[in-house]
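> Before I ask anything, let me first share the structure, which is written out below as structure tokens.
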Amino acid sequence: MIASKIVNPPGFRPGVDWKPNSLPQVRFLQSNAFEALYGGAKGGGKTEALVLGALRYIQHPQYNGLILRRTFKELDGADGPIDRSKRWYRTYGGQYNRSRYVWEFPSGAKIFFGYLDNASDVEQYNGWQVQYLAFDQLEQFKLEMYLPMLSIPRASIETGLKPIVRASANPGGVGGTWVKKRFITRDIVNKVRYFTMVDGEDTEVPKNHPDARARIFIPALPTDNPNLDPAYISQLKQQDPIRQQWFLYGNWEADYQDGIYPNWTPDNISTEADYLPGYPVYWFTDDGYTDPRVILLAQQRPCKGKPDRLCVFAEYEQSGKLAGESIEDVKTWGYPIPDVNYYDAAAAEYAANAQARGIYTIAAEKDVSRRLQVVRRLICDHNNERVILVHPRCKRTIEAIPSYRYSETKKLPNGEPAPEHDMQSHINDALGYGTISLYYYIETV
């Protein structure tokens, strides 16, 4: 088995030959299970393991491997599977045929690259016979793509080849739920168990069951990879808390349904957020009539040796009132006229009413994904500083922030889940308009 030669290769040539970077990678390459999933977190060497694992049987003339990504762009992109194969396959005598996306080796063995953009693309592989089938980033595939492809790993008995299926994955993605159910919630972490379909259900069975197929999950973390630039781990720490759990720790239990701002705690609630004379006042507005109109009053105040605090000290939430009426209501509270009123860019009528009353208005950035990142980063930054503080009198704001949820069906243009539009969203929208306006240049990725 070529994995053994890679792990402990006779005549190993440093800088020329490849070898695994960690014990998890060794386990993955040496596994004989029919299905093996590798990874979980980012940076553990998943793609590298899939690409080099395909060399398993290249000395056999009847060997065929197939490595898949969801799209061709991902397959042939920078540092993708094809790029990585070009670094190493020639070392083992491979010649690349670009028109067919296949490597051919001196023995006659072949390793193909392909993609499955949608379920119908499965049909193009009908009649194929491969002994190594690999899915890079399995969470990007749908179950109806994966299961039909399990029909093509096969070999004639006389070849002595044992067909296997290999995959890498991170939590999340369009297929994250089925991948988790098939590999993660099973008791197969670093150990083999056996499964087959029973009455249409994926079912664990004894090893001696006539249709049993072995399956294993081998987790890997970025810290397992000694070749990983430490700066990359720092980059992952700038992601939102859910993605940090996914990408740094391979935590499949972290879920956006836990809330958009899971880092919100009672430490964000403080009487220190009360109004202080001498500092600018800002209004953050989400306009509405049938839905409530929200106006949050806030100040941005310096904190010695720490980031400026964003202090929300009063809140207004009313339905059924005209814009001018709401503005007059807030003015009666006796606070100074705001230096700037940041508002939803679609609320032109509200802006006109505010301007008519001597209030300077600026339409806020509409990028929802970035707004969420900025607010999340200010709730608790990378130094564990609580930048957003809310006064205890702002009871609706204190209720709305931790209750803010993602929709189970709606998506943002970038493919991320969209926030649910409900009674919690209006205050959170207003908060987002203000924070992204005042802290637009904050580093979030």
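Starting from 1 in every chain, residues are counted up; chains themselves are A, B, ... following the order of the structure tokens, and ligands are numbered from 1 as listed.
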Pull the strand (DSSP E) assignments for range 59-188 of chain A out of DSSP run on the backbone, and list those residues as JSON, numbers by chain.

{"A": [64, 65, 66, 67, 68, 69, 95, 96, 97, 102, 103, 104, 110, 111, 112, 113, 114, 115, 132, 133, 134, 135, 164, 165, 166, 167, 168, 169]}

> Counting only C-alpha atoms, what is within 9 Å of Arg293 in chain A, bar same-chain residues fewer than 4 positions away, as a list in words?

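Residues meeting the cut-off are Thr285, Asp286, Asp287, Gly288, Tyr289, Tyr316, Glu317, Gln318, Ser319, Gly320, Lys321, Ala323, Ser326, His426 and Ile427 of chain A.
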
> Could you list, with a cut-off of 12 Å and counting only C-alpha atoms, the residues of range 197-275 of chain A near range 147-159 of chain A, each shown with its nearest atom pair and the distance in Å rounded to one decimal, rows sorted by chain and ascending number, as a Markdown table?


| residue | atom | partner | partner_atom | distance |
| --- | --- | --- | --- | --- |
| A:Met197 | CA | A:Leu147 | CA | 11.1 |
| A:Asp202 | CA | A:Leu147 | CA | 11.0 |
| A:Arg213 | CA | A:Leu150 | CA | 11.3 |

> List the spatial neighbours of Glu349 in chain A as a list in words - criterion: any atom at most 10 Å away, only C-alpha atoms, same-chain residues fewer than 4 positions off excluded.

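Returned residues: Asp287, Leu322, Ala323, Gly324, Asn353, Ala354 and Gln355 of chain A.
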
> With N, CA and C atoms kept, could you save the residues just selected as an mmCIF file, in the first residue's frame?


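What landed in part-v9.cif:
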data_model
loop_
_atom_site.group_PDB
_atom_site.id
_atom_site.type_symbol
_atom_site.label_atom_id
_atom_site.label_comp_id
_atom_site.auth_asym_id
_atom_site.auth_seq_id
_atom_site.Cartn_x
_atom_site.Cartn_y
_atom_site.Cartn_z
ATOM 1 N N ASP A 287 -36.861 52.371 10.114
ATOM 2 C CA ASP A 287 -38.159 52.994 9.927
ATOM 3 C C ASP A 287 -39.263 51.951 9.809
ATOM 4 N N LEU A 322 -46.654 58.436 12.446
ATOM 5 C CA LEU A 322 -45.936 59.020 11.334
ATOM 6 C C LEU A 322 -44.512 59.349 11.741
ATOM 7 N N ALA A 323 -43.624 59.444 10.767
ATOM 8 C CA ALA A 323 -42.216 59.688 11.065
ATOM 9 C C ALA A 323 -42.028 60.959 11.878
ATOM 10 N N GLY A 324 -42.706 62.032 11.481
ATOM 11 C CA GLY A 324 -42.560 63.298 12.199
ATOM 12 C C GLY A 324 -42.997 63.202 13.646
ATOM 13 N N ASN A 353 -38.269 64.044 6.952
ATOM 14 C CA ASN A 353 -38.870 64.588 8.174
ATOM 15 C C ASN A 353 -37.805 64.986 9.187
ATOM 16 N N ALA A 354 -36.753 64.153 9.292
ATOM 17 C CA ALA A 354 -35.674 64.474 10.231
ATOM 18 C C ALA A 354 -34.936 65.739 9.788
ATOM 19 N N GLN A 355 -34.640 65.825 8.492
ATOM 20 C CA GLN A 355 -33.922 67.003 7.973
ATOM 21 C C GLN A 355 -34.740 68.268 8.153
#

> Please indicate the distance in Å from CA of Pro413 in chain A to CA of Ile398 in chain A, rounded to one decimal place.

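Going from CA of Pro413 in chain A over to CA of Ile398 in chain A, I get 28.8 Å.
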
> Would you work out the distance separating CA of Ala54 in chain A from CA of Thr71 in chain A, expressed in Å to one decimal?

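Pair CA of Ala54 in chain A / CA of Thr71 in chain A returns 19.5 Å.
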
> Just checking: using only C-alpha atoms, which residue out of A:Ile401, A:Ala212, A:Val281, A:Ala345 ends up closest to Asn263 in chain A?

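The closest residue to Asn263 in chain A is A:Ile401.
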
> Using only C-alpha atoms, determine which residues lie at most 12 Å from Asp76 in chain A, disregarding the query and same-chain residues fewer than 6 positions distant; provide the list as a PyMOL selection string.

chain A and resi 67-70+82-86+98+101+113-115

> Quick one: everything within 12 Å of Ala351 in chain A, counting only C-alpha atoms, minus sequence neighbours fewer than 6 positions away in the same chain. Send it as JSON, numbers by chain.

{"A": [283, 284, 285, 286, 287, 323, 324, 327, 340, 341, 342, 343, 344, 345, 357, 358, 359, 360, 361, 362, 363, 364]}

> Pick from A:Lys142, A:Leu161, A:Val294, A:Arg166: nearest to Leu52 in chain A, with only C-alpha atoms counted?

A:Arg166
